[in-house]
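Dumped model32.cif below, it's mmCIF, C-alpha atoms:
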```cif
data_input
#
loop_
_atom_site.group_PDB
_atom_site.id
_atom_site.type_symbol
_atom_site.label_atom_id
_atom_site.label_comp_id
_atom_site.auth_asym_id
_atom_site.auth_seq_id
_atom_site.Cartn_x
_atom_site.Cartn_y
_atom_site.Cartn_z
ATOM 1 C CA MET A 1 21.942 4.329 9.005
ATOM 2 C CA ILE A 2 19.344 6.651 10.538
ATOM 3 C CA ASP A 3 20.354 7.208 14.157
ATOM 4 C CA ARG A 4 17.028 8.719 15.094
ATOM 5 C CA PHE A 5 15.321 5.324 14.767
ATOM 6 C CA GLY A 6 17.921 3.173 16.521
ATOM 7 C CA THR A 7 18.397 -0.383 15.286
ATOM 8 C CA LEU A 8 16.200 -1.121 12.276
ATOM 9 C CA THR A 9 14.619 -4.575 12.082
ATOM 10 C CA PRO A 10 13.408 -5.772 8.643
ATOM 11 C CA ILE A 11 9.686 -6.568 8.602
ATOM 12 C CA GLY A 12 8.714 -6.553 4.929
ATOM 13 C CA GLU A 13 9.538 -5.728 1.346
ATOM 14 C CA GLY A 14 7.553 -4.209 -1.501
ATOM 15 C CA GLN A 15 8.207 -3.568 -5.179
ATOM 16 C CA MET A 16 9.871 -0.211 -4.536
ATOM 17 C CA GLY A 17 11.423 -0.526 -1.091
ATOM 18 C CA ALA A 18 12.090 -2.452 2.092
ATOM 19 C CA VAL A 19 10.250 -1.784 5.358
ATOM 20 C CA PHE A 20 11.869 -1.825 8.790
ATOM 21 C CA GLU A 21 10.661 -1.445 12.350
ATOM 22 C CA GLY A 22 12.359 1.247 14.399
ATOM 23 C CA TYR A 23 11.784 3.452 17.422
ATOM 24 C CA ASP A 24 11.186 7.138 16.783
ATOM 25 C CA SER A 25 12.927 9.062 19.549
ATOM 26 C CA THR A 26 10.952 12.189 18.633
ATOM 27 C CA ARG A 27 7.502 10.605 18.888
ATOM 28 C CA ASN A 28 8.561 8.059 21.527
ATOM 29 C CA CYS A 29 6.881 5.174 19.737
ATOM 30 C CA ARG A 30 7.613 2.242 17.429
ATOM 31 C CA VAL A 31 7.253 3.101 13.759
ATOM 32 C CA ALA A 32 7.715 1.596 10.308
ATOM 33 C CA ILE A 33 10.459 3.006 8.083
ATOM 34 C CA LYS A 34 10.370 2.459 4.327
ATOM 35 C CA LEU A 35 13.733 2.703 2.552
ATOM 36 C CA LEU A 36 14.070 2.824 -1.220
ATOM 37 C CA LYS A 37 15.774 -0.087 -2.965
ATOM 38 C CA SER A 38 17.066 2.345 -5.577
ATOM 39 C CA THR A 39 18.114 5.969 -5.234
ATOM 40 C CA ASP A 40 17.840 6.929 -8.913
ATOM 41 C CA SER A 41 15.917 10.131 -9.588
ATOM 42 C CA ASP A 42 12.697 8.441 -10.777
ATOM 43 C CA ALA A 43 12.558 6.193 -7.703
ATOM 44 C CA VAL A 44 13.056 9.172 -5.397
ATOM 45 C CA ARG A 45 10.330 11.117 -7.195
ATOM 46 C CA ARG A 46 7.956 8.161 -6.808
ATOM 47 C CA MET A 47 8.612 8.062 -3.072
ATOM 48 C CA GLN A 48 8.151 11.830 -2.796
ATOM 49 C CA ARG A 49 4.871 11.512 -4.651
ATOM 50 C CA GLU A 50 3.717 8.647 -2.427
ATOM 51 C CA ALA A 51 4.475 10.678 0.692
ATOM 52 C CA ALA A 52 2.927 13.888 -0.640
ATOM 53 C CA VAL A 53 -0.347 12.303 -1.726
ATOM 54 C CA LEU A 54 -0.745 9.919 1.204
ATOM 55 C CA SER A 55 -0.127 12.754 3.643
ATOM 56 C CA ARG A 56 -3.498 14.110 2.475
ATOM 57 C CA VAL A 57 -5.322 10.835 3.143
ATOM 58 C CA ARG A 58 -6.643 10.454 6.670
ATOM 59 C CA HIS A 59 -8.655 7.264 6.914
ATOM 60 C CA PRO A 60 -8.593 4.324 9.361
ATOM 61 C CA ASN A 61 -8.305 1.858 6.473
ATOM 62 C CA VAL A 62 -5.284 3.513 4.815
ATOM 63 C CA CYS A 63 -1.761 3.508 6.227
ATOM 64 C CA ALA A 64 -0.845 7.107 7.057
ATOM 65 C CA ILE A 65 2.429 8.907 6.388
ATOM 66 C CA HIS A 66 4.146 10.633 9.305
ATOM 67 C CA GLU A 67 7.173 12.054 7.545
ATOM 68 C CA PHE A 68 9.360 11.975 4.421
ATOM 69 C CA ASP A 69 13.046 12.866 4.547
ATOM 70 C CA GLU A 70 16.512 11.884 3.388
ATOM 71 C CA THR A 71 19.555 10.887 5.454
ATOM 72 C CA ASP A 72 23.029 10.559 3.908
ATOM 73 C CA GLY A 73 21.475 10.255 0.458
ATOM 74 C CA GLN A 74 18.981 7.566 1.585
ATOM 75 C CA PRO A 75 15.323 8.667 1.144
ATOM 76 C CA TRP A 76 12.881 7.289 3.707
ATOM 77 C CA ILE A 77 9.243 7.437 4.740
ATOM 78 C CA MET A 78 8.118 7.075 8.343
ATOM 79 C CA MET A 79 4.715 5.470 8.912
ATOM 80 C CA PRO A 80 2.749 4.097 11.857
ATOM 81 C CA LEU A 81 3.711 0.528 12.708
ATOM 82 C CA VAL A 82 0.714 -1.536 11.602
ATOM 83 C CA GLU A 83 0.748 -4.852 13.439
ATOM 84 C CA GLY A 84 -1.408 -7.419 11.742
ATOM 85 C CA CYS A 85 -1.430 -10.240 9.216
ATOM 86 C CA ALA A 86 -2.100 -10.293 5.494
ATOM 87 C CA LEU A 87 -5.727 -10.368 4.392
ATOM 88 C CA ASP A 88 -5.682 -13.938 3.082
ATOM 89 C CA GLN A 89 -4.355 -15.138 6.446
ATOM 90 C CA ALA A 90 -6.693 -12.968 8.514
ATOM 91 C CA TRP A 91 -9.883 -14.268 6.990
ATOM 92 C CA GLN A 92 -9.043 -17.968 7.331
ATOM 93 C CA GLY A 93 -11.820 -19.511 9.407
ATOM 94 C CA LEU A 94 -14.038 -16.435 9.120
ATOM 95 C CA PRO A 95 -17.606 -16.801 7.821
ATOM 96 C CA LEU A 96 -18.458 -15.154 4.512
ATOM 97 C CA ASP A 97 -20.282 -12.209 6.097
ATOM 98 C CA ALA A 98 -17.194 -11.336 8.162
ATOM 99 C CA ARG A 99 -15.020 -11.527 5.051
ATOM 100 C CA VAL A 100 -17.410 -9.220 3.213
ATOM 101 C CA ASP A 101 -17.282 -6.775 6.135
ATOM 102 C CA LEU A 102 -13.499 -6.624 5.714
ATOM 103 C CA LEU A 103 -13.887 -5.994 1.988
ATOM 104 C CA ILE A 104 -16.349 -3.161 2.649
ATOM 105 C CA ASP A 105 -13.782 -1.477 4.891
ATOM 106 C CA ILE A 106 -11.106 -1.998 2.230
ATOM 107 C CA CYS A 107 -13.389 -0.331 -0.322
ATOM 108 C CA ARG A 108 -13.794 2.629 2.019
ATOM 109 C CA GLY A 109 -10.043 2.992 2.333
ATOM 110 C CA VAL A 110 -9.492 2.766 -1.425
ATOM 111 C CA GLU A 111 -12.313 5.267 -1.947
ATOM 112 C CA ALA A 112 -10.489 7.705 0.359
ATOM 113 C CA ALA A 113 -7.304 7.271 -1.676
ATOM 114 C CA HIS A 114 -9.234 7.835 -4.898
ATOM 115 C CA ALA A 115 -10.798 10.981 -3.438
ATOM 116 C CA ALA A 116 -7.246 12.261 -2.911
ATOM 117 C CA GLY A 117 -6.482 11.493 -6.565
ATOM 118 C CA LEU A 118 -4.387 8.370 -5.971
ATOM 119 C CA ILE A 119 -4.596 5.062 -7.876
ATOM 120 C CA HIS A 120 -3.012 2.189 -5.912
ATOM 121 C CA ARG A 121 -2.306 -0.191 -8.856
ATOM 122 C CA ASP A 122 -1.279 -3.133 -6.655
ATOM 123 C CA ILE A 123 -4.225 -4.101 -4.461
ATOM 124 C CA LYS A 124 -3.693 -7.688 -3.318
ATOM 125 C CA PRO A 125 -3.936 -9.660 -0.044
ATOM 126 C CA ALA A 126 -0.264 -9.079 0.841
ATOM 127 C CA ASN A 127 -0.782 -5.301 0.649
ATOM 128 C CA ILE A 128 -3.650 -5.317 3.129
ATOM 129 C CA LEU A 129 -2.849 -5.902 6.788
ATOM 130 C CA VAL A 130 -5.635 -6.790 9.197
ATOM 131 C CA CYS A 131 -5.322 -5.697 12.821
ATOM 132 C CA ARG A 132 -7.304 -7.084 15.755
ATOM 133 C CA ASP A 133 -8.025 -4.853 18.757
ATOM 134 C CA GLU A 134 -8.559 -5.903 22.371
ATOM 135 C CA GLN A 135 -12.268 -6.435 21.723
ATOM 136 C CA GLY A 136 -11.523 -8.669 18.747
ATOM 137 C CA LEU A 137 -12.592 -6.093 16.146
ATOM 138 C CA LEU A 138 -10.817 -6.580 12.812
ATOM 139 C CA THR A 139 -9.626 -3.531 10.872
ATOM 140 C CA PRO A 140 -8.034 -3.884 7.417
ATOM 141 C CA VAL A 141 -5.407 -1.303 6.438
ATOM 142 C CA VAL A 142 -4.403 -0.740 2.807
ATOM 143 C CA MET A 143 -0.595 -0.617 2.619
ATOM 144 C CA ASP A 144 2.257 -0.108 0.138
ATOM 145 C CA PHE A 145 1.424 2.722 -2.245
ATOM 146 C CA GLY A 146 4.922 2.433 -3.698
ATOM 147 C CA VAL A 147 3.740 1.886 -7.298
ATOM 148 C CA ALA A 148 0.691 4.127 -7.005
ATOM 149 C CA ARG A 149 0.144 6.991 -9.430
ATOM 150 C CA ALA A 150 -1.778 10.240 -9.296
ATOM 151 C CA GLU A 151 -5.006 10.192 -11.266
ATOM 152 C CA HIS A 152 -4.269 13.673 -12.604
ATOM 153 C CA GLY A 153 -0.987 15.470 -13.211
ATOM 154 C CA ASP A 154 2.363 14.403 -14.670
ATOM 155 C CA ASP A 155 3.034 11.446 -12.369
ATOM 156 C CA GLY A 156 2.339 9.081 -15.249
ATOM 157 C CA ALA A 157 5.561 10.267 -16.821
ATOM 158 C CA LEU A 158 7.383 8.125 -14.254
ATOM 159 C CA THR A 159 5.880 5.011 -15.842
ATOM 160 C CA ALA A 160 6.892 4.373 -19.429
ATOM 161 C CA THR A 161 4.230 3.336 -21.929
ATOM 162 C CA GLY A 162 4.302 -0.450 -22.126
ATOM 163 C CA GLU A 163 5.881 -0.828 -18.674
ATOM 164 C CA ILE A 164 3.967 -3.354 -16.572
ATOM 165 C CA VAL A 165 3.459 -2.336 -12.950
ATOM 166 C CA GLY A 166 1.674 -4.450 -10.343
ATOM 167 C CA THR A 167 1.249 -8.123 -9.446
ATOM 168 C CA PRO A 168 0.185 -10.311 -12.419
ATOM 169 C CA GLU A 169 -2.629 -12.259 -10.740
ATOM 170 C CA SER A 170 -4.190 -9.019 -9.436
ATOM 171 C CA MET A 171 -3.801 -6.927 -12.594
ATOM 172 C CA ALA A 172 -6.615 -5.440 -14.628
ATOM 173 C CA PRO A 173 -6.395 -6.024 -18.408
ATOM 174 C CA GLU A 174 -5.082 -2.505 -19.080
ATOM 175 C CA GLN A 175 -2.216 -3.132 -16.657
ATOM 176 C CA VAL A 176 -1.303 -6.426 -18.305
ATOM 177 C CA ARG A 177 -1.194 -4.656 -21.674
ATOM 178 C CA GLY A 178 0.871 -1.775 -20.266
ATOM 179 C CA GLU A 179 -1.769 0.772 -21.324
ATOM 180 C CA ARG A 180 -0.836 3.554 -18.934
ATOM 181 C CA GLU A 181 -3.387 5.967 -20.395
ATOM 182 C CA HIS A 182 -6.268 3.636 -19.477
ATOM 183 C CA ILE A 183 -5.276 3.058 -15.850
ATOM 184 C CA ASP A 184 -7.681 4.835 -13.498
ATOM 185 C CA ARG A 185 -9.908 4.157 -10.484
ATOM 186 C CA ARG A 186 -11.511 1.228 -12.289
ATOM 187 C CA THR A 187 -8.142 -0.539 -12.253
ATOM 188 C CA ASP A 188 -8.330 -0.712 -8.459
ATOM 189 C CA VAL A 189 -11.996 -1.742 -8.615
ATOM 190 C CA TRP A 190 -10.967 -4.716 -10.785
ATOM 191 C CA ALA A 191 -8.412 -5.748 -8.171
ATOM 192 C CA ILE A 192 -11.012 -5.477 -5.405
ATOM 193 C CA GLY A 193 -13.237 -7.755 -7.476
ATOM 194 C CA GLY A 194 -10.375 -10.251 -7.370
ATOM 195 C CA LEU A 195 -10.358 -9.991 -3.574
ATOM 196 C CA LEU A 196 -14.091 -10.713 -3.530
ATOM 197 C CA TYR A 197 -13.500 -13.819 -5.653
ATOM 198 C CA ARG A 198 -10.857 -14.968 -3.176
ATOM 199 C CA ALA A 199 -13.272 -14.364 -0.294
ATOM 200 C CA LEU A 200 -15.887 -16.549 -1.962
ATOM 201 C CA CYS A 201 -13.660 -19.308 -3.355
ATOM 202 C CA ASP A 202 -10.486 -19.291 -1.221
ATOM 203 C CA ARG A 203 -8.310 -19.161 -4.318
ATOM 204 C CA SER A 204 -7.037 -16.750 -6.934
ATOM 205 C CA PRO A 205 -9.378 -16.079 -9.873
ATOM 206 C CA PHE A 206 -6.521 -16.982 -12.253
#
```

Conversion result in structure tokens:
Amino acid sequence: MIDRFGTLTPIGEGQMGAVFEGYDSTRNCRVAIKLLKSTDSDAVRRMQREAAVLSRVRHPNVCAIHEFDETDGQPWIMMPLVEGCALDQAWQGLPLDARVDLLIDICRGVEAAHAAGLIHRDIKPANILVCRDEQGLLTPVVMDFGVARAEHGDDGALTATGEIVGTPESMAPEQVRGEREHIDRRTDVWAIGGLLYRALCDRSPF
């Protein structure tokens, strides 16, 4: 589909799109390519927004955006290939202090996104990949901003009042009720609180 990246291998799927591994012939490295499931105008605008806002976030705990483009009517985002496992898998066997260290780094990444005016709206273990370097250091990376919204501006118009966006067991009350006007940074803080509960109890709070 996109010759520049060679053969695309599926590696994951989010609410808004599927993610593939490819090789970028321009950068000479392996990358992740996110393709939209739908090409309707609202979906394309969401992806454009995700790329535009995330391109302003430069933080080791947030997945960066290399490029946004469209090929033969198929919008795509190119990102670094983050090789790791989901948070709930990564912290199995770790002591509580190590789990808390991961959560602190996650908070720093989410704080960077908030500083750029972006609300994630779907913070959960599956959307946080944890990488291990050669020295064994663990680094969590917040992924999949596909249902994120800008804190200010008209992005909220892409989400209808009453529409429920996110993952039920990680949702704040205002998300469950579809109260778009009440969704802000605190919505993500609620979800991080759910991660802390999981770290302490090894199960979902609900």

Report as number ranges by chain the residues that result from applying the PyMOL selection byres ((chain A and resi 95-104) around 8) to the structure here.
-> A: 91, 93-94, 105-108, 138-140, 192, 195-196, 199-200

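When all atoms listed in the file are used to measure the gap to Arg4 of chain A, the shortest distance among A:Arg121, A:Asp40, A:Gly17, A:Thr71 belongs to A:Thr71.
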
On this file, the PyMOL selection byres ((chain A and resi 168) around 12) gives some set of residues; write that set as a count of residues only.
-> 23

Counting only C-alpha atoms, figure out which residue out of A:Arg46, A:Lys34, A:His120, A:His152 gets nearest to Ile77 of chain A.
->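 Closest to Ile77 of chain A of all the choices is A:Lys34.
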
Proximity to Pro60 of chain A - best of A:Val147, A:Leu36, A:Cys85, A:Val142, all atoms listed in the file |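 Closest candidate: A:Val142.
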
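Of the residues listed (A:Met78, A:Ala43, A:Ala126, A:Cys63), A:Met78 shows the shortest atom-to-atom separation from Phe5 of chain A; distances use all atoms listed in the file.
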
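Counting from atom CA of Val130 of chain A, the distance to atom CA of Ile183 of chain A is 26.9 Å.
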
Report as JSON, numbers by chain the full result of the PyMOL selection byres ((chain A and resi 125) around 7) when it is applied to this structure.
-> {"A": [86, 87, 88, 124, 126, 127, 128]}

For atom CA of Ser55 of chain A and atom CA of Glu67 of chain A, the interatomic separation in Å (one decimal) = 8.3 Å

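Of the listed residues A:Ala64, A:Ala51, A:Met79, A:Cys201, the one whose atoms come nearest to Gln92 of chain A is A:Cys201, with distances taken using all atoms listed in the file.
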
Among A:Leu54, A:Gly73, A:His182, A:Leu129, Ala112 of chain A is approached most closely, using all atoms listed in the file, by A:Leu54

Measure the distance from atom CA of Arg185 of chain A to atom CA of His114 of chain A in Å and round it to one decimal.
->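 Interatomic distance here is 6.7 Å.
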
Could you tell me, as a compact mmCIF listing (two decimals) with C-alpha atoms, in the coordinates of the input, which residues have any atom at most 6 Å from (4.7, 6.9, -1.2), counting only C-alpha atoms?
```
# COMPACT_ATOMS: atom_id res chain seq x y z
CA MET A 47 8.61 8.06 -3.07
CA ARG A 49 4.87 11.51 -4.65
CA GLU A 50 3.72 8.65 -2.43
CA ALA A 51 4.47 10.68 0.69
CA PHE A 145 1.42 2.72 -2.24
CA GLY A 146 4.92 2.43 -3.70
```

Could you add the missing atoms to segment 49-60 of chain A, up to N, CA and C atoms, and return them as a PDB file, in the coordinates of the input?
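Output contents, as saved in result-v1.pdb:
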```
ATOM      1  N   ARG A  49       6.273  11.450  -4.259  1.00  0.00           N
ATOM      2  CA  ARG A  49       4.871  11.512  -4.651  1.00  0.00           C
ATOM      3  C   ARG A  49       4.006  10.711  -3.683  1.00  0.00           C
ATOM      4  N   GLU A  50       4.463   9.490  -3.364  1.00  0.00           N
ATOM      5  CA  GLU A  50       3.717   8.647  -2.427  1.00  0.00           C
ATOM      6  C   GLU A  50       3.511   9.369  -1.107  1.00  0.00           C
ATOM      7  N   ALA A  51       4.565   9.975  -0.588  1.00  0.00           N
ATOM      8  CA  ALA A  51       4.475  10.678   0.692  1.00  0.00           C
ATOM      9  C   ALA A  51       3.571  11.892   0.596  1.00  0.00           C
ATOM     10  N   ALA A  52       3.707  12.660  -0.497  1.00  0.00           N
ATOM     11  CA  ALA A  52       2.927  13.888  -0.640  1.00  0.00           C
ATOM     12  C   ALA A  52       1.437  13.603  -0.740  1.00  0.00           C
ATOM     13  N   VAL A  53       1.068  12.596  -1.538  1.00  0.00           N
ATOM     14  CA  VAL A  53      -0.347  12.303  -1.726  1.00  0.00           C
ATOM     15  C   VAL A  53      -0.936  11.624  -0.497  1.00  0.00           C
ATOM     16  N   LEU A  54      -0.215  10.633   0.044  1.00  0.00           N
ATOM     17  CA  LEU A  54      -0.745   9.919   1.204  1.00  0.00           C
ATOM     18  C   LEU A  54      -0.850  10.808   2.434  1.00  0.00           C
ATOM     19  N   SER A  55      -0.039  11.848   2.496  1.00  0.00           N
ATOM     20  CA  SER A  55      -0.127  12.754   3.643  1.00  0.00           C
ATOM     21  C   SER A  55      -1.470  13.466   3.676  1.00  0.00           C
ATOM     22  N   ARG A  56      -2.182  13.474   2.536  1.00  0.00           N
ATOM     23  CA  ARG A  56      -3.498  14.110   2.475  1.00  0.00           C
ATOM     24  C   ARG A  56      -4.625  13.132   2.782  1.00  0.00           C
ATOM     25  N   VAL A  57      -4.293  11.845   2.884  1.00  0.00           N
ATOM     26  CA  VAL A  57      -5.322  10.835   3.143  1.00  0.00           C
ATOM     27  C   VAL A  57      -5.350  10.518   4.632  1.00  0.00           C
ATOM     28  N   ARG A  58      -6.461  10.774   5.255  1.00  0.00           N
ATOM     29  CA  ARG A  58      -6.643  10.454   6.670  1.00  0.00           C
ATOM     30  C   ARG A  58      -7.844   9.528   6.790  1.00  0.00           C
ATOM     31  N   HIS A  59      -7.568   8.248   6.873  1.00  0.00           N
ATOM     32  CA  HIS A  59      -8.655   7.264   6.914  1.00  0.00           C
ATOM     33  C   HIS A  59      -8.174   6.048   7.695  1.00  0.00           C
ATOM     34  N   PRO A  60      -9.023   5.465   8.533  1.00  0.00           N
ATOM     35  CA  PRO A  60      -8.593   4.324   9.361  1.00  0.00           C
ATOM     36  C   PRO A  60      -8.212   3.089   8.559  1.00  0.00           C
TER      37      PRO A  60
END
```
